[in-house]
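Reproduced below: my_file_23.cif, with mmCIF, C-alpha atoms and all ligand atoms.
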data_model
loop_
_atom_site.group_PDB
_atom_site.id
_atom_site.type_symbol
_atom_site.label_atom_id
_atom_site.label_comp_id
_atom_site.auth_asym_id
_atom_site.auth_seq_id
_atom_site.Cartn_x
_atom_site.Cartn_y
_atom_site.Cartn_z
ATOM 1 C CA MET A 15 4.800 30.843 7.355
ATOM 2 C CA GLN A 16 4.751 32.525 3.910
ATOM 3 C CA ASN A 17 5.341 29.524 1.648
ATOM 4 C CA LEU A 18 6.050 25.859 2.296
ATOM 5 C CA LEU A 19 8.875 25.143 -0.119
ATOM 6 C CA SER A 20 11.177 22.949 1.918
ATOM 7 C CA SER A 21 10.915 20.638 4.912
ATOM 8 C CA GLN A 22 13.893 22.530 6.324
ATOM 9 C CA ASP A 23 11.978 25.821 6.464
ATOM 10 C CA LEU A 24 9.912 24.903 9.515
ATOM 11 C CA SER A 25 11.038 25.346 13.115
ATOM 12 C CA HIS A 26 10.263 22.773 15.795
ATOM 13 C CA ASP A 27 7.475 25.023 17.095
ATOM 14 C CA GLU A 28 5.934 25.454 13.639
ATOM 15 C CA VAL A 29 5.934 21.666 13.170
ATOM 16 C CA LEU A 30 4.238 21.171 16.555
ATOM 17 C CA ARG A 31 1.661 23.838 15.733
ATOM 18 C CA LEU A 32 0.799 22.175 12.395
ATOM 19 C CA LEU A 33 0.459 18.785 14.118
ATOM 20 C CA GLU A 34 -1.890 20.292 16.669
ATOM 21 C CA LEU A 35 -3.984 22.022 14.029
ATOM 22 C CA ALA A 36 -4.128 18.896 11.854
ATOM 23 C CA GLU A 37 -5.323 16.885 14.837
ATOM 24 C CA ALA A 38 -8.116 19.413 15.338
ATOM 25 C CA PHE A 39 -9.166 19.022 11.682
ATOM 26 C CA LEU A 40 -9.196 15.194 11.803
ATOM 27 C CA PRO A 41 -12.857 14.838 12.905
ATOM 28 C CA THR A 42 -13.937 16.946 9.903
ATOM 29 C CA VAL A 43 -12.053 14.564 7.596
ATOM 30 C CA THR A 44 -13.254 11.316 9.193
ATOM 31 C CA GLY A 45 -16.790 12.727 9.477
ATOM 32 C CA ARG A 46 -16.657 13.857 5.821
ATOM 33 C CA GLY A 47 -17.679 17.326 6.861
ATOM 34 C CA ARG A 48 -17.128 20.785 5.486
ATOM 35 C CA LEU A 49 -16.131 23.917 7.376
ATOM 36 C CA ASN A 50 -16.550 27.464 6.127
ATOM 37 C CA LEU A 51 -13.135 28.761 7.148
ATOM 38 C CA ALA A 52 -11.843 29.244 3.598
ATOM 39 C CA GLN A 53 -15.041 30.624 2.101
ATOM 40 C CA GLY A 54 -14.293 32.521 -1.111
ATOM 41 C CA LYS A 55 -10.641 31.403 -1.218
ATOM 42 C CA ILE A 56 -9.242 29.555 -4.235
ATOM 43 C CA LEU A 57 -6.501 26.924 -4.348
ATOM 44 C CA ALA A 58 -4.712 26.279 -7.662
ATOM 45 C CA THR A 59 -3.075 22.869 -8.065
ATOM 46 C CA LEU A 60 -0.374 22.868 -10.751
ATOM 47 C CA PHE A 61 0.996 19.388 -11.397
ATOM 48 C CA TYR A 62 3.813 18.829 -13.909
ATOM 49 C CA GLU A 63 4.363 15.249 -12.705
ATOM 50 C CA PRO A 64 1.963 12.314 -12.120
ATOM 51 C CA SER A 65 -0.005 12.164 -8.873
ATOM 52 C CA THR A 66 -3.021 10.361 -7.482
ATOM 53 C CA ARG A 67 -2.987 11.116 -3.772
ATOM 54 C CA THR A 68 -1.202 14.402 -3.348
ATOM 55 C CA ARG A 69 -3.314 16.443 -5.754
ATOM 56 C CA PHE A 70 -6.634 14.952 -4.623
ATOM 57 C CA SER A 71 -5.519 15.352 -1.022
ATOM 58 C CA PHE A 72 -4.802 19.085 -1.430
ATOM 59 C CA GLU A 73 -8.068 19.600 -3.295
ATOM 60 C CA THR A 74 -10.098 17.641 -0.733
ATOM 61 C CA ALA A 75 -8.433 19.628 2.057
ATOM 62 C CA MET A 76 -9.381 22.926 0.407
ATOM 63 C CA LEU A 77 -12.961 21.795 -0.209
ATOM 64 C CA ARG A 78 -13.335 20.577 3.391
ATOM 65 C CA LEU A 79 -12.096 23.990 4.556
ATOM 66 C CA GLY A 80 -14.955 25.499 2.546
ATOM 67 C CA GLY A 81 -12.783 26.872 -0.260
ATOM 68 C CA HIS A 82 -12.651 26.305 -4.010
ATOM 69 C CA VAL A 83 -10.185 24.665 -6.373
ATOM 70 C CA ILE A 84 -8.840 25.290 -9.880
ATOM 71 C CA SER A 85 -6.600 22.537 -11.169
ATOM 72 C CA ASN A 86 -4.318 21.419 -13.947
ATOM 73 C CA ALA A 87 -3.052 17.861 -13.551
ATOM 74 C CA ASP A 88 -0.999 17.935 -16.728
ATOM 75 C CA MET A 89 0.791 21.280 -16.710
ATOM 76 C CA GLY A 90 3.770 19.924 -18.647
ATOM 77 C CA SER A 91 1.779 19.304 -21.812
ATOM 78 C CA THR A 92 -1.350 21.467 -21.591
ATOM 79 C CA SER A 93 -0.198 24.736 -20.001
ATOM 80 C CA SER A 94 1.734 27.632 -21.546
ATOM 81 C CA ALA A 95 4.895 25.861 -20.351
ATOM 82 C CA LYS A 96 4.550 24.064 -23.670
ATOM 83 C CA LYS A 97 4.905 27.463 -25.414
ATOM 84 C CA GLY A 98 7.966 28.337 -23.389
ATOM 85 C CA GLU A 99 6.490 30.360 -20.535
ATOM 86 C CA THR A 100 8.856 30.574 -17.575
ATOM 87 C CA LEU A 101 7.899 29.288 -14.127
ATOM 88 C CA PHE A 102 8.345 32.845 -12.839
ATOM 89 C CA ASP A 103 5.709 34.179 -15.257
ATOM 90 C CA THR A 104 3.383 31.245 -14.553
ATOM 91 C CA GLY A 105 3.659 32.088 -10.839
ATOM 92 C CA LYS A 106 2.785 35.711 -11.560
ATOM 93 C CA MET A 107 -0.236 34.714 -13.642
ATOM 94 C CA VAL A 108 -1.680 32.031 -11.402
ATOM 95 C CA SER A 109 -1.413 34.265 -8.340
ATOM 96 C CA SER A 110 -3.807 36.678 -10.008
ATOM 97 C CA TYR A 111 -6.430 33.891 -10.071
ATOM 98 C CA ALA A 112 -5.793 31.911 -6.883
ATOM 99 C CA ASP A 113 -5.110 32.697 -3.205
ATOM 100 C CA VAL A 114 -2.728 29.760 -2.682
ATOM 101 C CA ILE A 115 -0.846 27.421 -5.033
ATOM 102 C CA ALA A 116 0.195 23.767 -4.624
ATOM 103 C CA MET A 117 2.693 22.624 -7.232
ATOM 104 C CA ARG A 118 4.570 19.454 -8.225
ATOM 105 C CA HIS A 119 7.371 19.372 -10.789
ATOM 106 C CA PRO A 120 10.107 16.904 -11.833
ATOM 107 C CA GLU A 121 12.946 19.373 -11.239
ATOM 108 C CA LYS A 122 14.439 20.170 -7.866
ATOM 109 C CA GLY A 123 14.128 23.893 -7.098
ATOM 110 C CA SER A 124 11.339 24.477 -9.634
ATOM 111 C CA VAL A 125 8.653 25.195 -7.039
ATOM 112 C CA ALA A 126 10.873 27.805 -5.400
ATOM 113 C CA GLU A 127 11.386 29.327 -8.859
ATOM 114 C CA LEU A 128 7.636 29.661 -9.466
ATOM 115 C CA SER A 129 7.165 31.108 -5.975
ATOM 116 C CA LYS A 130 9.480 34.014 -6.901
ATOM 117 C CA GLY A 131 6.875 35.200 -9.393
ATOM 118 C CA SER A 132 3.894 34.489 -7.167
ATOM 119 C CA SER A 133 2.309 37.038 -4.872
ATOM 120 C CA VAL A 134 0.362 34.314 -2.996
ATOM 121 C CA PRO A 135 1.666 31.427 -0.827
ATOM 122 C CA VAL A 136 3.123 28.446 -2.695
ATOM 123 C CA VAL A 137 3.355 24.877 -1.375
ATOM 124 C CA ASN A 138 5.828 22.332 -2.698
ATOM 125 C CA ALA A 139 3.905 19.137 -3.529
ATOM 126 C CA GLY A 140 7.126 17.387 -4.604
ATOM 127 C CA ASP A 141 10.062 18.707 -6.640
ATOM 128 C CA GLY A 142 11.966 15.926 -8.353
ATOM 129 C CA ALA A 143 14.197 13.933 -6.033
ATOM 130 C CA GLY A 144 14.434 16.994 -3.787
ATOM 131 C CA ASP A 145 11.750 17.417 -1.178
ATOM 132 C CA HIS A 146 8.118 16.630 -0.363
ATOM 133 C CA PRO A 147 7.426 18.751 2.699
ATOM 134 C CA THR A 148 3.690 18.029 3.053
ATOM 135 C CA GLN A 149 4.139 14.245 2.797
ATOM 136 C CA GLY A 150 6.789 14.413 5.532
ATOM 137 C CA LEU A 151 4.348 16.287 7.764
ATOM 138 C CA LEU A 152 1.524 13.819 7.191
ATOM 139 C CA ASP A 153 3.904 10.981 8.005
ATOM 140 C CA LEU A 154 4.798 12.763 11.235
ATOM 141 C CA LEU A 155 1.103 13.067 12.086
ATOM 142 C CA THR A 156 0.625 9.353 11.331
ATOM 143 C CA ILE A 157 3.483 8.420 13.677
ATOM 144 C CA LYS A 158 2.173 10.723 16.407
ATOM 145 C CA MET A 159 -1.387 9.372 16.175
ATOM 146 C CA GLU A 160 -0.469 5.706 15.751
ATOM 147 C CA LYS A 161 2.504 5.479 18.154
ATOM 148 C CA GLY A 162 1.416 8.228 20.544
ATOM 149 C CA ARG A 163 4.786 9.985 20.439
ATOM 150 C CA LEU A 164 7.522 11.368 18.198
ATOM 151 C CA GLU A 165 10.393 10.813 20.636
ATOM 152 C CA ASN A 166 12.421 7.786 21.733
ATOM 153 C CA LEU A 167 11.725 5.677 18.664
ATOM 154 C CA THR A 168 13.769 3.615 16.253
ATOM 155 C CA ILE A 169 12.805 4.837 12.803
ATOM 156 C CA GLY A 170 13.562 2.561 9.864
ATOM 157 C CA MET A 171 13.660 3.887 6.310
ATOM 158 C CA VAL A 172 13.792 1.353 3.508
ATOM 159 C CA GLY A 173 14.167 1.609 -0.266
ATOM 160 C CA ASP A 174 15.509 4.255 -2.616
ATOM 161 C CA LEU A 175 16.807 6.658 0.014
ATOM 162 C CA LYS A 176 18.919 8.531 -2.534
ATOM 163 C CA ASN A 177 16.134 9.564 -4.910
ATOM 164 C CA GLY A 178 13.174 9.375 -2.538
ATOM 165 C CA ARG A 179 12.015 12.882 -1.665
ATOM 166 C CA VAL A 180 9.755 11.442 1.042
ATOM 167 C CA PRO A 181 12.532 10.009 3.249
ATOM 168 C CA HIS A 182 14.434 13.294 2.820
ATOM 169 C CA ALA A 183 11.473 15.269 4.161
ATOM 170 C CA GLN A 184 10.850 12.753 6.956
ATOM 171 C CA CYS A 185 14.449 13.143 8.171
ATOM 172 C CA ALA A 186 14.249 16.949 8.172
ATOM 173 C CA TYR A 187 11.184 16.948 10.442
ATOM 174 C CA LEU A 188 12.155 14.024 12.662
ATOM 175 C CA SER A 189 15.547 15.627 13.313
ATOM 176 C CA HIS A 190 13.729 18.071 15.658
ATOM 177 C CA PHE A 191 12.680 15.328 18.093
ATOM 178 C CA ALA A 192 14.750 13.740 20.847
ATOM 179 C CA GLY A 193 15.976 10.211 21.367
ATOM 180 C CA LEU A 194 15.548 8.955 17.827
ATOM 181 C CA ARG A 195 17.628 6.216 16.278
ATOM 182 C CA PHE A 196 17.617 5.984 12.487
ATOM 183 C CA VAL A 197 18.135 2.692 10.654
ATOM 184 C CA PHE A 198 18.538 3.222 6.916
ATOM 185 C CA VAL A 199 18.193 0.209 4.618
ATOM 186 C CA ALA A 200 19.168 0.765 0.973
ATOM 187 C CA PRO A 201 21.375 -0.720 -1.731
ATOM 188 C CA ASP A 202 24.818 0.922 -1.587
ATOM 189 C CA ALA A 203 24.144 2.996 -4.735
ATOM 190 C CA LEU A 204 20.834 4.298 -3.333
ATOM 191 C CA ARG A 205 21.967 5.313 0.161
ATOM 192 C CA MET A 206 20.621 8.312 2.045
ATOM 193 C CA PRO A 207 22.514 11.457 0.924
ATOM 194 C CA VAL A 208 25.508 12.020 3.172
ATOM 195 C CA GLU A 209 24.405 15.598 4.029
ATOM 196 C CA ILE A 210 21.233 14.209 5.584
ATOM 197 C CA VAL A 211 23.123 11.524 7.544
ATOM 198 C CA ASN A 212 25.548 14.182 8.798
ATOM 199 C CA MET A 213 22.728 16.571 9.706
ATOM 200 C CA LEU A 214 21.069 13.859 11.833
ATOM 201 C CA LYS A 215 24.344 12.947 13.538
ATOM 202 C CA ALA A 216 25.135 16.614 14.211
ATOM 203 C CA LYS A 217 21.784 16.860 16.003
ATOM 204 C CA GLY A 218 22.804 13.939 18.233
ATOM 205 C CA HIS A 219 20.878 11.110 16.579
ATOM 206 C CA GLU A 220 22.340 7.651 16.078
ATOM 207 C CA VAL A 221 22.334 6.540 12.438
ATOM 208 C CA VAL A 222 22.851 2.959 11.279
ATOM 209 C CA GLU A 223 23.116 2.088 7.575
ATOM 210 C CA THR A 224 22.766 -1.395 6.124
ATOM 211 C CA GLU A 225 21.672 -3.220 2.974
ATOM 212 C CA ASP A 226 20.061 -6.101 4.855
ATOM 213 C CA LEU A 227 16.447 -5.492 5.882
ATOM 214 C CA GLY A 228 15.942 -8.892 7.533
ATOM 215 C CA SER A 229 18.707 -8.305 10.087
ATOM 216 C CA VAL A 230 17.321 -4.961 11.345
ATOM 217 C CA ILE A 231 13.544 -4.984 10.838
ATOM 218 C CA GLY A 232 13.065 -6.349 14.365
ATOM 219 C CA GLU A 233 14.588 -3.162 15.841
ATOM 220 C CA MET A 234 12.193 -0.726 14.164
ATOM 221 C CA ASP A 235 9.243 0.966 15.899
ATOM 222 C CA VAL A 236 8.344 2.715 12.659
ATOM 223 C CA ILE A 237 9.074 1.154 9.265
ATOM 224 C CA CYS A 238 8.965 3.761 6.485
ATOM 225 C CA HIS A 239 9.054 1.908 3.201
ATOM 226 C CA THR A 240 9.339 3.553 -0.230
ATOM 227 C CA ARG A 241 9.348 2.666 -3.891
ATOM 228 C CA ILE A 242 12.497 2.469 -6.001
ATOM 229 C CA GLN A 243 12.095 5.771 -7.899
ATOM 230 C CA GLN A 244 12.115 4.442 -11.474
ATOM 231 C CA GLU A 245 11.712 7.885 -13.098
ATOM 232 C CA ARG A 246 14.970 9.138 -11.527
ATOM 233 C CA PHE A 247 17.158 6.462 -13.174
ATOM 234 C CA GLU A 248 19.132 7.058 -16.344
ATOM 235 C CA SER A 249 17.953 3.871 -18.016
ATOM 236 C CA GLU A 250 15.486 1.046 -17.606
ATOM 237 C CA ALA A 251 18.422 -1.365 -17.210
ATOM 238 C CA GLU A 252 19.793 0.671 -14.304
ATOM 239 C CA TYR A 253 16.361 0.640 -12.607
ATOM 240 C CA LEU A 254 15.952 -3.103 -13.123
ATOM 241 C CA LYS A 255 19.109 -3.696 -11.060
ATOM 242 C CA TYR A 256 17.218 -2.486 -7.991
ATOM 243 C CA LYS A 257 13.583 -3.288 -8.729
ATOM 244 C CA GLY A 258 12.300 -5.752 -6.150
ATOM 245 C CA VAL A 259 15.314 -5.529 -3.794
ATOM 246 C CA TYR A 260 13.155 -5.097 -0.686
ATOM 247 C CA VAL A 261 9.849 -6.887 -0.888
ATOM 248 C CA LEU A 262 8.159 -6.685 2.479
ATOM 249 C CA ASN A 263 6.079 -9.864 2.894
ATOM 250 C CA GLY A 264 4.447 -11.789 5.705
ATOM 251 C CA ALA A 265 7.668 -13.622 6.564
ATOM 252 C CA LEU A 266 9.571 -10.346 7.049
ATOM 253 C CA MET A 267 6.680 -8.764 8.974
ATOM 254 C CA ALA A 268 6.811 -11.780 11.313
ATOM 255 C CA LYS A 269 10.267 -10.549 12.378
ATOM 256 C CA ALA A 270 9.022 -6.994 13.070
ATOM 257 C CA LYS A 271 7.928 -5.790 16.517
ATOM 258 C CA SER A 272 4.321 -6.585 17.388
ATOM 259 C CA ASP A 273 3.651 -2.864 17.960
ATOM 260 C CA ALA A 274 5.641 -1.555 14.987
ATOM 261 C CA ILE A 275 3.839 0.527 12.365
ATOM 262 C CA LEU A 276 4.431 0.320 8.626
ATOM 263 C CA LEU A 277 4.192 3.501 6.532
ATOM 264 C CA HIS A 278 4.411 3.924 2.760
ATOM 265 C CA PRO A 279 3.542 7.124 0.836
ATOM 266 C CA LEU A 280 2.250 4.995 -2.076
ATOM 267 C CA PRO A 281 2.180 4.175 -4.928
ATOM 268 C CA ARG A 282 3.645 0.740 -4.250
ATOM 269 C CA VAL A 283 4.985 -1.242 -7.144
ATOM 270 C CA ASP A 284 6.159 -4.572 -5.752
ATOM 271 C CA GLU A 285 7.809 -3.626 -2.473
ATOM 272 C CA ILE A 286 4.913 -4.575 -0.179
ATOM 273 C CA ALA A 287 3.208 -7.944 -0.749
ATOM 274 C CA LEU A 288 -0.598 -7.823 -0.817
ATOM 275 C CA GLU A 289 -0.728 -10.235 2.148
ATOM 276 C CA VAL A 290 0.661 -7.426 4.352
ATOM 277 C CA ASP A 291 -2.388 -5.184 3.711
ATOM 278 C CA SER A 292 -4.465 -7.007 6.318
ATOM 279 C CA ASP A 293 -1.697 -6.786 8.962
ATOM 280 C CA PRO A 294 -2.952 -4.315 11.611
ATOM 281 C CA ARG A 295 0.521 -2.762 11.684
ATOM 282 C CA ALA A 296 0.146 -1.615 8.055
ATOM 283 C CA LYS A 297 -0.916 2.052 8.098
ATOM 284 C CA TYR A 298 -0.502 3.046 4.456
ATOM 285 C CA PHE A 299 -4.210 3.071 3.736
ATOM 286 C CA VAL A 300 -4.983 5.319 6.717
ATOM 287 C CA GLN A 301 -2.160 7.762 5.942
ATOM 288 C CA PRO A 302 -4.291 9.529 3.270
ATOM 289 C CA THR A 303 -6.845 10.488 5.958
ATOM 290 C CA TYR A 304 -4.086 12.057 8.028
ATOM 291 C CA GLY A 305 -2.850 13.662 4.825
ATOM 292 C CA VAL A 306 -6.063 15.606 4.237
ATOM 293 C CA ALA A 307 -6.103 16.853 7.851
ATOM 294 C CA MET A 308 -2.465 17.934 7.599
ATOM 295 C CA ARG A 309 -3.036 19.734 4.305
ATOM 296 C CA MET A 310 -6.044 21.511 5.821
ATOM 297 C CA ALA A 311 -3.695 22.691 8.589
ATOM 298 C CA ILE A 312 -1.087 23.813 6.042
ATOM 299 C CA LEU A 313 -3.576 25.655 3.818
ATOM 300 C CA ALA A 314 -5.310 27.303 6.794
ATOM 301 C CA THR A 315 -1.942 28.484 8.126
ATOM 302 C CA LEU A 316 -0.726 29.809 4.765
ATOM 303 C CA LEU A 317 -4.022 31.607 4.180
ATOM 304 C CA GLY A 318 -3.908 33.068 7.691
ATOM 305 C CA LEU A 319 -7.378 31.696 8.510
HETATM 306 C C1 LIG A 401 5.410 9.960 -3.314
HETATM 307 C C2 LIG A 401 5.964 11.032 -4.232
HETATM 308 O O1 LIG A 401 5.317 11.430 -5.182
HETATM 309 O O2 LIG A 401 7.070 11.429 -3.942
HETATM 310 N N1 LIG A 401 4.041 9.743 -3.438
HETATM 311 C C3 LIG A 401 3.170 10.584 -2.827
HETATM 312 O O3 LIG A 401 3.286 11.785 -2.867
HETATM 313 N N2 LIG A 401 2.173 10.019 -2.125
HETATM 314 C C4 LIG A 401 6.197 8.723 -3.300
HETATM 315 C C5 LIG A 401 6.560 8.054 -4.588
HETATM 316 O O4 LIG A 401 6.167 8.470 -5.670
HETATM 317 O O5 LIG A 401 7.253 7.039 -4.494
#

Could you write out this file's structure as structure tokens?
Ligand code: NCD
Amino acid sequence: MQNLLSSQDLSHDEVLRLLELAEAFLPTVTGRGRLNLAQGKILATLFYEPSTRTRFSFETAMLRLGGHVISNADMGSTSSAKKGETLFDTGKMVSSYADVIAMRHPEKGSVAELSKGSSVPVVNAGDGAGDHPTQGLLDLLTIKMEKGRLENLTIGMVGDLKNGRVPHAQCAYLSHFAGLRFVFVAPDALRMPVEIVNMLKAKGHEVVETEDLGSVIGEMDVICHTRIQQERFESEAEYLKYKGVYVLNGALMAKAKSDAILLHPLPRVDEIALEVDSDPRAKYFVQPTYGVAMRMAILATLLGL
């Protein structure tokens, strides 16, 4: 693995290998330990778009591997991008300081563009509505650890499936596993892109699409909820049409399977009621722990440690 730019770049075996490695790193994360695998190595985090979890998660992962971090959380306004530097040149420059780069940007394809200039591995930490390959992997690890398997499951995805880069990445990885049934719940205008639906069907998976969460939540083993992606809409008025369409509350959770798990990449706006936080099926506050372990696995692999 040279870079991690897209969730489609990884083979089934590479996904399994990352899951295995992440599982091995979990005790270091839960025990708040520090290894010395990445001694002397530097991670640069270049964020052109807001982030709480993803940037801290990458940086924590690098520190727990024993490496170091240089970071710019506001590349759009404080880097030379402001003076017109191209992503290609930025990639060239940053790779003379750091050994690996994690980058987030509002435009699809931008991380790949920077990687062309970079001589060190580059990880996509989210490019617009495109892809979020490391979040998809940490969600896979969460499902594996919390359900005990990645096969023979009904996977529900709820929310803005058109603009959500997280559900796109989840589908790419899950498509490798057998016996999955996908239930997509979205307003008609925010449906899962047809290429993704067709890709899943071509790999033999059943796909059901609906707008009505209440009628299908009881079928789901895994409920992957997501935020309506406000920043991808053309206007506030357009966003307001969909804000609050799927609010998961106690009454809806009462219809879900007793052993279902509920995932959300966060941030949540209004789509999960606070009363759900104490439901043992809610896993969104443990996902970040899996996220650090998975990013340790990704960084260790890219750095060839
Ligand atoms: C997601 C993202 O940035 O795509 N958040 C995250 O990385 N944890 C989801 C979102 O913003 O809705």

Next on the checklist: Can you pull out every residue with an atom within 8 Å of ligand LIG 401 (chain A)? Use only C-alpha atoms and all ligand atoms and format it as a list in words.
Outcome noted: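 So, counting only C-alpha atoms and all ligand atoms, the residues near ligand LIG 401 (chain A) are Pro64, Ser65, Thr66, Arg67, Thr68, Ala139, Gly140, Gly142, Ala143, His146, Gln149, Gly178, Arg179, Val180, Thr240, Arg241, Ile242, Gln243, His278, Pro279, Leu280, Pro281 and Arg282 of chain A.
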
Next on the checklist: Please determine, counting only C-alpha atoms, which residue among A:Leu164, A:Val300, A:Ile237, A:Val134 has the shortest atom-to-atom distance to Val199 in chain A.
Outcome noted: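 Between A:Leu164, A:Val300, A:Ile237, A:Val134, the residue approaching Val199 in chain A most closely is A:Ile237.
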
Next on the checklist: Given the point (13.6, -4.3, -12.3) in the file's coordinates, find the residues that have an atom at most 12 Å from it, counting all atoms listed in the file, and give them as a list in words.
Outcome noted: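 In the file's frame, the residues around the point are Arg241, Ile242, Gln243, Gln244, Phe247, Ser249, Glu250, Ala251, Glu252, Tyr253, Leu254, Lys255, Tyr256, Lys257, Gly258, Val259, Tyr260, Val283, Asp284 and Glu285 of chain A.
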
Set out as a Markdown table a contact list for range 110-136 of chain A and range 91-106 of chain A with a cut-off of 8 Å, giving each residue of range 110-136 of chain A that qualifies its closest atom pair and distance in Å to one decimal, counting all atoms listed in the file, ordered by chain and rising residue number.
| residue | atom | partner | partner_atom | distance |
| --- | --- | --- | --- | --- |
| A:Ser110 | CA | A:Lys106 | CA | 6.8 |
| A:Ser124 | CA | A:Leu101 | CA | 7.4 |
| A:Glu127 | CA | A:Phe102 | CA | 6.1 |
| A:Leu128 | CA | A:Leu101 | CA | 4.7 |
| A:Ser129 | CA | A:Gly105 | CA | 6.1 |
| A:Lys130 | CA | A:Phe102 | CA | 6.2 |
| A:Gly131 | CA | A:Phe102 | CA | 4.4 |
| A:Ser132 | CA | A:Gly105 | CA | 4.4 |
| A:Ser133 | CA | A:Lys106 | CA | 6.8 |

Next on the checklist: Env of Lys297 in chain A: 7 Å cut, atoms = all atoms listed in the file, seq-sep filter 2 positions within chain, self excluded. Answer as a PyMOL selection string.
Outcome noted: chain A and resi 275-277+295+299-301

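Closest approach to Ala36 in chain A among A:Ala307, A:Leu152, A:Leu319, A:Met159 is made by A:Ala307 (distances from only C-alpha atoms).
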
Item to check | Residues returned when the PyMOL selection byres (((chain A and resi 220) around 12) and not hetatm) runs on this file, as a list in words | outcome: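 Checking the PyMOL selection byres (((chain A and resi 220) around 12) and not hetatm) against this file, the residues are Asn166, Leu167, Thr168, Ile169, Gly170, Ser189, Ala192, Gly193, Leu194, Arg195, Phe196, Val197, Phe198, Val211, Asn212, Met213, Leu214, Lys215, Ala216, Lys217, Gly218, His219, Val221, Val222 and Glu223 of chain A.
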
Next on the checklist: Ranking A:Thr42, A:Leu49, A:Leu60, A:Glu121 by minimum distance to Ser109 in chain A and counting all atoms listed in the file, which one comes first?
Outcome noted: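 Closest to Ser109 in chain A of all the choices is A:Leu60.
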
Checklist entry - What is the distance between CA of Val172 in chain A and CA of Asp153 in chain A, in Å to one decimal? => result 14.5 Å

Report, as JSON, the axis-aligned box around all atoms of range 286-302 of chain A present in the file, extended by 4 Å on each side; give centre and edge lengths in Å to one decimal place.
{"center_x": 0.0, "center_y": -0.4, "center_z": 5.4, "size_x": 17.9, "size_y": 27.8, "size_z": 20.5}

Checklist entry - Which is closest to Leu35 in chain A among A:Gly162, A:Leu151, A:Asp141, A:Phe191, if we use only C-alpha atoms? => result A:Leu151

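The spacing separating CA of Val43 in chain A from CA of Thr303 in chain A amounts to 6.8 Å.
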
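CA of Gly264 in chain A sits 9.7 Å away from CA of Asp291 in chain A.
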
Next on the checklist: Suppose a student applies the PyMOL selection byres (((chain A and resi 17-29) around 9) and not hetatm) to this structure; what residues should they get, written as an MDAnalysis selection string?
Outcome noted: chainID A and resid 15:16 30:34 123 125:126 129 134:139 144:148 150:151 182:187 190:191 312 316

Next on the checklist: Under the PyMOL selection byres (((chain A and resi 47) around 12) and not hetatm), which residues of this model are included? Write them out as an NGL selection string.
Outcome noted: :A and (39-46 or 48-50 or 74-80 or 307)

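The neighbours of Tyr62 in chain A here are the residues that come within 6 Å of it, using only C-alpha atoms and leaving out any residue fewer than 6 positions away in the same chain; they are Asp88, Met89, Gly90, Arg118 and His119 of chain A.
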
Next on the checklist: Measuring between only C-alpha atoms, which one of A:Met234, A:Ala314, A:Val261, A:Val114 shows the shortest distance to Asp273 in chain A?
Outcome noted: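 Closest candidate: A:Met234.
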